[in-house]
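Visitor: Dumping the structure here so I can ask a few things about it.
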Amino acid sequence: MKRTRNISIVLNSLFILVISYVAWYRRQKVLSEAQEFSKDVNAWDITFAIQNDMYLILFFLMPLLLFLSFRTIEQQYEPTILIRVGSFRNWVYYSIKWYVRAVLTLFGFVLLLSFLCAVDQPFTLQWSPYSQLATSGNISHHLVTTFRSPLSVIFLQPILWLLASIVLHGLMCLMFLLHEKRNGLLLQAAGVVIWCIFSFKSSFGVGEFFSPAAYFSVGAVSNIMQPWVALVILSLVIALIYLSVQWIQSLRQLLTSQKELLPYLVYAMLASLYILLSSSRASTELQTIGDLFVAVFYGVSAEDSSFLQLVSHLILFFGLAYLSQLRLQEQMTAIGPYTWMRYQRLEKWALHVFVREGRFYLLALSLLILGTIVIGMLQGVSLSLSTSLLSISPMQLLLQLFGISMLQLMLYSLFSFILLWQFPDGYAMLGLFGVLSVFLLPDFNRYGIFPSGLNGFAQLQSFSLTHLLIVLLIYVGLSLVWLYVLFQKSIRI
Amino acid sequence: MEMIKLEQVTKGYQGNPLFADVDLTIQKGDIVGITGPNGSGKSVLFKMICGFIHPDAGTITVRNEQLGPTRRFPENVGVIIDRPGYIAHKSGFENLKQLAAIRKVITDADIEQAMRTVGLQPGNRQKVKQYSLGMKQKLAIAQAIMEQQDILILDEAFNALDHDSVLRLRELLLSFKKEGKTIILTSHNQQDIDALCDSVYRINQGQLEQVG
Amino acid sequence: MLQQIKLIWSQAFTVKRCVLYLLIILGLPVLQFSFIYEGYQFFLPIEVFEETLSGTIPMLFPVLAVLIFLPIFIAEYKDNYLTYVRTRASLKDYLLAVGFVNAMLTGIVFFLMTIVTFVLIHYVEPIIGLVDYWSLSEKTYETSNAFSFLADIHPLLYAVLYAAWIGLNGAAYATLAYLLILALEQVYLAISLPFVAYHIFNFVAGIMQAPQFSPISTVFPFNITEQPLWTVFVPFAILVVVNITLYLTMIRPKPEWIFQS
């Protein structure tokens with residue numbers, strides 16, 4: 001008990017010390033800059049500079065908030081408390097209540113100090129002349145473009161703190177309930193801190209949208225969206241947390257009993273992130289859904305390749321083929337022999353396997369396409385399939401997007417199937433991905449004769465649809481013959 | 001009635017001859033034991049009868065149908081091979097149901113009955129990856145018998161079973177014999193062979209010698 | 001323990017495996033060299049070296065890392081060899097010895113691949129004269145990377161330290177796969193996850209417009225503009241942390257090793 005109190009005293013002192021130093025430092029910075037450019041400042045310039053100091057938020061407040069969240073959860077996830085609150089849902093509410101109480105004291109101090117540091121300057125209702133100064137560190141200048149009066153900022157800031165704290169701790173609680181491990185909780189907290197710093201330090205503009213740190217600063221929020229949108233987003237996330245805690249028990253059961261779903265979830269997350277970011281990044285050039293399809297599923301070719309397109313194609317399509325591989329591995333090496341006996345013919349069994357994989361690809365491709373259409377509609381692009389990015393007709397676009405993609409994906413599975421049949425250890429299958437990914441590199445598939453990544457729209461810059469179709473059909477044909485020959489031989493079991 | 005017939009079967013593995021011109025006939029309702037030292041080819045023999053491996057020469061006939069291009073695997077044969085494998089993240093029942101769904105000749109109740117027969121609880125939600133070796137073996141036996149197969153090819157079916165389960169399996173196999181099922185099995189335990197088999201063959205220098 | 005390491009080490013040197021090591025050390029760089037030695041504009045041998053280590057090798061890096069030693073261990077693992085080890089020696093020591101040999105051998109093969117490629121391109125190739133070098137006075141752009149400052153001190157220092165860096169990363173990926181085999185007990189998932197994770201992180205870094213933190217650009221920093229040296233340690237540090245976490249949370253707490261294939 002005494003130890004905890006001592007830690008608490010040390011932490012509080014450290015907190016006061018750091019905040020006071022940063023407040024003083026920011027105040028001096030604003031004053032010296034104002035003096036340099038001979039501009040008058042008012043109290044708000046200093047207050048907002050302290051409240052919106054991203055270095056303070058990222059490197060001090062966020063770790064502190066997450067530490068508090070960690071400690072709150074660790075202390076309150078006790079059987080004695082759980083029994084009294086009665087359910088996980090009530091426990092989350094209970095924990096959030098405690099957390100918000102603790103962090104509001106913290107933010108209260110930041111607010112107080114930011115006022116105290118500016119107490120010798122006039123608290124006017126208008127923006128100061130200094131706020132017109134366009135320097136990189138002048139937070140008032142960023143705010144003046146969004147807010148008519150400084151008063152709206154000072155009203156908005158505590159609301160943001162409150163909502164963002166609820167979201168942060170609510171999500172921490174939800175995540176924790178999925179695994180209930182102390183080390184996992186620590187990893188969660190560390191992950192959020194790293195994520196915040198990473199999205200701030202990298203030139204990742206859209207990343208700020210997903211960075212929790214941004215929502216603790218009116219300045220950072222107004223940089224990326226209208227402030228009222230931020231309030232709506234935070235409220236929506238709180239509603240989502242409210243809904244999720246109702247289902248936390250079932251969600252936990254699903255995740256613990258269906259761990260094999262994890263790769264699919266990871267894939268869905270990565271694919272959604274990619275579609276969302278790549279479409280929003282290129283939004284100015286995109287007029288139609290057709291343009292969006294070309295941008296999202298562009299892929300690479302021997303002549304047209306970029307790092308992002310290469311890895312995106314690997315994730316989107318090799319990712320699907322990998323998921324299919326995991327299932328094939330299970331079906332062929334584990335339960336295989338007992339299955340073959342029941343099918344009576346290996347060809348019949350193989351057909352069954354490929355129909356199932358085909359259905360999976362069909363569903364996955366449809367979802368990818370549907371997801372892109374929804375994002376396109378949200379961005380307000382027209383629903384036309386014509387595109388100005390490539391000289392292809394809507395029909396050709398659809399054929400490449402669906403037909404060639406299906407054929408290419410089925411071919412990946414066919415290759416995996418054959419290799420797994422011949423070399424059940426799985427090395428060959430891994431090697432297959434290695435070799436196929438090499439053929440995605442610039443110059444390696446100059447004549448479009450290697451069946452790797454032929455479903456990207458980039459390929460249409462060099463080859464006709466017929467060329468791609470013929471190449472893939474030849475490989476499918478050869479693979480089927482190869483498979484037939486293998487089926488006639490003894491099985492390696 | 002001849003259920004399984006091997007004629008002049010020859011098989012080698014990586015240059016080592018395992019079987020040379022082997023003949024074997026197994027009649028309906030017989031329990032036949034195959035013994036032999038490690039690496040003598042017991043599993044290879046079973047895999048050839050199942051159609052997994054082709055003989056280099058000779059013919060294998062099951063129920064008067066010769067295995068070959070037109071008949072790869074014999075029909076309605078229950079098999080346990082040396083390394084039982086399952087879908088690890090599914091329960092025992094789910095694994096069996098997936099297999100039963102292929103031929104669709106039995107109901108869920110039949111699967112449950114087969115599980116109970118070998119000493120497994122059908123309602124057990126435990127995943128196969130959490131099964132002990134003995135439980136996995138029982139599951140292998142359950143899949144081999146659940147569709148009322150009339151020929152059973154059991155490679156080391158007694159492996160990893162506890163004493164009670166061994167006795168129960170012996171009783172089960174004897175009851176199958178009474179029903180007229182044909183069984184061919186291997187076991188490292190001579191007691192199993194003695195207790196069950198009508199005739200016993202030993203693999204010796206590429207030949208099958210009748211020893212009992 | 002030392003005895004076990006020696007024993008495991010000796011298993012890794014069959015004729016087949018030596019051919020594989022040679023293919024990785026010489027075959028892949030030669031293959032990549034054959035693609036690039038014409039048609040590119042080179043001013044210095046070091047640029048040829050960097051281009052030779054681009055493309056194929058970065059793409060296959062985690063696949064190669066799991067192919068060097070782990071097949072030997074997996075064969076043992078699948079044949080329940082570990083069950084028999086347990087009755088004869090400390091399984092903990094044995095697994096540690098396997099982990100050590102796996103990391104060392106993978107590291108050494110990658111180290112040799114890099115250093116041999118460098119020596120051949122920097123010292124031997126100019127004698128043969130396959131590459132047509134342009135005059136340095138015509139060079140209008142920079143080709144330096146995070147490690148280039150070492151080359152300014154001495155080319156061999158650059159080669160040795162960079163080869164060590166490649167070796168270290170290779171060892172870390174091989175160790176990740178090894179730990180995953182022990183933790184997940186699903187061999188294919190375990191050997192494929194390092195490759196999958198490698199490209200997932202490349203992808204995440206790509207969409208975040210931060211390629212300087214992608215695994216591919218930190219192990220082979222030739223396709224991006226020069227970055228501060230610390231950036232290359234970010235994915236490596238994550239990899240090391242993941243390895244340590246895997247060991248501490250999923251492997252060490254197991255009271256008794258019950259391995260089944």
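Note on naming: chains are A, B, ... as they come in the structure tokens, residues start from 1 per chain, ligands start from 1 in the order shown.
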Within 9 Å of chain B, which residues of chain A show up when using only C-alpha atoms, listed as a list in words?
Guide: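 So the residues of chain A near chain B are Ser257, Gln258, Lys259, Glu260, Glu330, Gln331, Thr333, Ala334, Ile335, Gly336, Pro337, Tyr338, Thr339, Trp340, Met341, Arg342, Tyr343, Gln344, Arg345, Leu346, Gln488, Lys489, Ser490, Ile491, Arg492 and Ile493 of chain A.
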Visitor: Residues of chain A were defined as contacting chain C if any atom lay at most 8 Å from it, counting only C-alpha atoms; please report them as a PyMOL selection string.
Guide: chain A and resi 199+202-204+206-207+274+277-278+307-308+311-312+314-315+326+329+425-427+430-431+434-435+437-438+441
Visitor: For the selection just defined, write its residues with N, CA, C and O atoms to a file, as a tab-separated table (two decimals), in the first residue's frame.
Guide:
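Below is the file that was written, part01.tsv:
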chain	number	residue	atom	x	y	z
A	199	SER	N	2.10	7.08	-36.75
A	199	SER	CA	1.26	7.82	-37.71
A	199	SER	C	1.57	9.32	-37.67
A	199	SER	O	1.34	10.03	-38.63
A	202	SER	N	5.39	9.46	-39.50
A	202	SER	CA	5.43	9.16	-40.93
A	202	SER	C	4.61	10.21	-41.66
A	202	SER	O	3.84	10.94	-41.06
A	203	SER	N	4.78	10.24	-42.94
A	203	SER	CA	4.04	11.24	-43.72
A	203	SER	C	2.66	10.69	-44.08
A	203	SER	O	2.15	10.84	-45.18
A	204	PHE	N	2.09	9.96	-43.16
A	204	PHE	CA	0.88	9.20	-43.41
A	204	PHE	C	-0.34	10.05	-43.06
A	204	PHE	O	-0.84	10.02	-41.93
A	206	VAL	N	-3.58	10.10	-43.95
A	206	VAL	CA	-4.85	9.48	-43.59
A	206	VAL	C	-4.75	8.78	-42.24
A	206	VAL	O	-5.73	8.57	-41.55
A	207	GLY	N	-3.50	8.44	-41.86
A	207	GLY	CA	-3.28	7.74	-40.61
A	207	GLY	C	-3.78	8.52	-39.42
A	207	GLY	O	-4.23	7.93	-38.45
A	274	TYR	N	-6.71	-1.28	-47.31
A	274	TYR	CA	-6.10	-0.95	-48.60
A	274	TYR	C	-7.10	-0.26	-49.52
A	274	TYR	O	-6.80	0.78	-50.11
A	277	LEU	N	-7.87	3.28	-48.19
A	277	LEU	CA	-6.80	4.27	-48.32
A	277	LEU	C	-6.43	4.54	-49.77
A	277	LEU	O	-6.22	5.69	-50.15
A	278	SER	N	-6.37	3.48	-50.57
A	278	SER	CA	-5.95	3.71	-51.95
A	278	SER	C	-7.01	4.49	-52.71
A	278	SER	O	-6.69	5.32	-53.56
A	307	PHE	N	6.35	-0.10	-55.54
A	307	PHE	CA	6.45	-0.89	-54.32
A	307	PHE	C	5.06	-1.15	-53.73
A	307	PHE	O	4.71	-2.28	-53.42
A	308	LEU	N	4.27	-0.07	-53.64
A	308	LEU	CA	2.96	-0.20	-53.01
A	308	LEU	C	2.05	-1.13	-53.82
A	308	LEU	O	1.35	-1.99	-53.26
A	311	VAL	N	3.24	-4.83	-53.28
A	311	VAL	CA	2.86	-5.47	-52.02
A	311	VAL	C	1.34	-5.55	-51.88
A	311	VAL	O	0.82	-6.48	-51.28
A	312	SER	N	0.62	-4.59	-52.45
A	312	SER	CA	-0.84	-4.64	-52.38
A	312	SER	C	-1.37	-5.85	-53.14
A	312	SER	O	-2.27	-6.54	-52.67
A	314	LEU	N	0.27	-8.53	-53.72
A	314	LEU	CA	0.65	-9.71	-52.93
A	314	LEU	C	-0.37	-9.96	-51.84
A	314	LEU	O	-0.80	-11.09	-51.62
A	315	ILE	N	-0.75	-8.90	-51.15
A	315	ILE	CA	-1.68	-9.07	-50.02
A	315	ILE	C	-3.07	-9.45	-50.54
A	315	ILE	O	-3.68	-10.42	-50.08
A	326	LEU	N	-4.07	-22.83	-46.89
A	326	LEU	CA	-4.20	-23.34	-45.52
A	326	LEU	C	-5.29	-24.41	-45.46
A	326	LEU	O	-5.15	-25.42	-44.78
A	329	GLN	N	-4.06	-27.61	-47.33
A	329	GLN	CA	-3.09	-28.30	-46.49
A	329	GLN	C	-3.81	-29.22	-45.50
A	329	GLN	O	-3.47	-30.37	-45.32
A	425	ASP	N	5.19	-31.93	-47.32
A	425	ASP	CA	5.78	-31.15	-46.23
A	425	ASP	C	5.41	-29.67	-46.25
A	425	ASP	O	5.47	-28.99	-45.25
A	426	GLY	N	5.06	-29.17	-47.41
A	426	GLY	CA	4.63	-27.77	-47.47
A	426	GLY	C	5.72	-26.81	-47.94
A	426	GLY	O	5.43	-25.67	-48.28
A	427	TYR	N	6.98	-27.26	-47.96
A	427	TYR	CA	8.05	-26.35	-48.41
A	427	TYR	C	7.83	-25.89	-49.84
A	427	TYR	O	8.06	-24.74	-50.19
A	430	LEU	N	5.35	-23.20	-50.11
A	430	LEU	CA	5.91	-21.92	-49.69
A	430	LEU	C	6.81	-21.38	-50.80
A	430	LEU	O	6.77	-20.19	-51.14
A	431	GLY	N	7.63	-22.30	-51.35
A	431	GLY	CA	8.51	-21.91	-52.44
A	431	GLY	C	7.73	-21.38	-53.63
A	431	GLY	O	8.16	-20.46	-54.31
A	434	GLY	N	7.08	-17.87	-53.21
A	434	GLY	CA	8.33	-17.15	-53.42
A	434	GLY	C	8.57	-16.93	-54.90
A	434	GLY	O	8.79	-15.81	-55.36
A	435	VAL	N	8.49	-18.02	-55.66
A	435	VAL	CA	8.78	-17.94	-57.10
A	435	VAL	C	7.75	-17.05	-57.81
A	435	VAL	O	8.10	-16.19	-58.62
A	437	SER	N	6.03	-14.67	-56.58
A	437	SER	CA	6.20	-13.25	-56.24
A	437	SER	C	7.39	-12.64	-56.99
A	437	SER	O	7.39	-11.45	-57.30
A	438	VAL	N	8.40	-13.48	-57.28
A	438	VAL	CA	9.54	-12.97	-58.07
A	438	VAL	C	9.07	-12.55	-59.47
A	438	VAL	O	9.52	-11.56	-60.02
A	441	LEU	N	8.08	-9.01	-60.10
A	441	LEU	CA	9.09	-7.94	-60.11
A	441	LEU	C	9.23	-7.36	-61.52
A	441	LEU	O	8.99	-8.06	-62.51
Visitor: Could you check the closest approach to Thr106 of chain C for each of C:Val30, C:Leu229, C:Val15, C:Ala164 and tell me which residue wins, using only C-alpha atoms?
Guide: C:Ala164
Visitor: Could you pull out the residues in segment 25-206 of chain B that DSSP calls strand (DSSP E or B) from the backbone, as a VMD selection string?
Guide: chain B and resid 25 to 27 31 to 35 57 to 62 65 to 66 77 to 80 91 127 151 to 155 182 to 186 199 to 204
Visitor: Write out as a ChimeraX atom specification all residues of chain B that backbone DSSP assigns to alpha helix (DSSP H).
Guide: /B:42-50,92-103,108-118,133-145,163-178,190-196
Visitor: Here is a test: counting only C-alpha atoms, which residue of C:Asp79, C:Pro221, C:Leu2, C:Asn169 is nearest to chain B?
Guide: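 Among C:Asp79, C:Pro221, C:Leu2, C:Asn169, it is C:Asp79 that comes nearest to chain B.
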Visitor: Could you state the separation of atom CA of Ile4 of chain B and atom CA of Leu96 of chain B in Å, given to one decimal place?
Guide: 26.3 Å
Visitor: Near Ser149 of chain A, within 10 Å and counting only C-alpha atoms, which residues show up once chain neighbours fewer than 5 positions away are dropped, as a ChimeraX atom specification?
Guide: /A:124-127,143-144,154
Visitor: Go through C:Gln186, C:Met1, C:Ala146, C:Glu226 and flag the residue nearest Leu91 of chain C, using only C-alpha atoms for the distances.
Guide: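 The answer is C:Met1, which sits nearest to Leu91 of chain C.
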Visitor: With only C-alpha atoms as the counted atoms, please give the residues lying no more than 9 Å from segment 204-211 of chain B, apart from itself and same-chain residues fewer than 6 positions off, as a list in words.
Guide: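 Here the answer would be Thr10, Lys11, Pro17, Leu18, Phe19, Ala20, Asp21, Val22, Asp23, Leu24, Ile34, Gly36, Pro37, Ser40 and Gly41 of chain B.
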Visitor: Would you put the residues from that selection into a file with C-alpha atoms, as a CSV table (one decimal), in the first residue's frame?
Guide:
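Listing of result.csv after writing:
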chain,number,residue,atom,x,y,z
B,10,THR,CA,5.6,-57.5,-56.5
B,11,LYS,CA,6.6,-54.2,-54.9
B,17,PRO,CA,12.4,-55.4,-52.8
B,18,LEU,CA,9.5,-55.6,-50.2
B,19,PHE,CA,7.3,-58.2,-51.9
B,20,ALA,CA,8.2,-60.7,-54.7
B,21,ASP,CA,5.4,-62.6,-56.4
B,22,VAL,CA,3.2,-62.7,-53.3
B,23,ASP,CA,-0.2,-64.5,-53.4
B,24,LEU,CA,-2.8,-64.1,-50.7
B,34,ILE,CA,-0.1,-59.8,-40.7
B,36,GLY,CA,6.6,-58.9,-39.5
B,37,PRO,CA,9.5,-56.9,-38.2
B,40,SER,CA,9.1,-55.4,-43.5
B,41,GLY,CA,6.3,-53.8,-45.5
Visitor: What lies within 6 Å of Asn243 of chain C using only C-alpha atoms, ignoring chain neighbours under 3 positions off, as a ChimeraX atom specification?
Guide: /C:176,240,246
Visitor: Please produce a file of those selected residues containing N, CA, C and O atoms, as an mmCIF file, in the first residue's frame.
Guide:
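Result file again01.cif:
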data_model
loop_
_atom_site.group_PDB
_atom_site.id
_atom_site.type_symbol
_atom_site.label_atom_id
_atom_site.label_comp_id
_atom_site.auth_asym_id
_atom_site.auth_seq_id
_atom_site.Cartn_x
_atom_site.Cartn_y
_atom_site.Cartn_z
ATOM 1 N N LEU C 176 12.176 -16.960 -35.802
ATOM 2 C CA LEU C 176 10.722 -16.752 -35.704
ATOM 3 C C LEU C 176 9.981 -18.023 -36.162
ATOM 4 O O LEU C 176 9.071 -18.498 -35.478
ATOM 5 N N VAL C 240 12.601 -8.878 -33.171
ATOM 6 C CA VAL C 240 13.260 -9.422 -31.975
ATOM 7 C C VAL C 240 12.269 -9.456 -30.814
ATOM 8 O O VAL C 240 12.186 -10.456 -30.089
ATOM 9 N N LEU C 246 7.225 -14.409 -28.021
ATOM 10 C CA LEU C 246 6.804 -15.785 -28.326
ATOM 11 C C LEU C 246 7.453 -16.760 -27.364
ATOM 12 O O LEU C 246 6.796 -17.653 -26.824
#
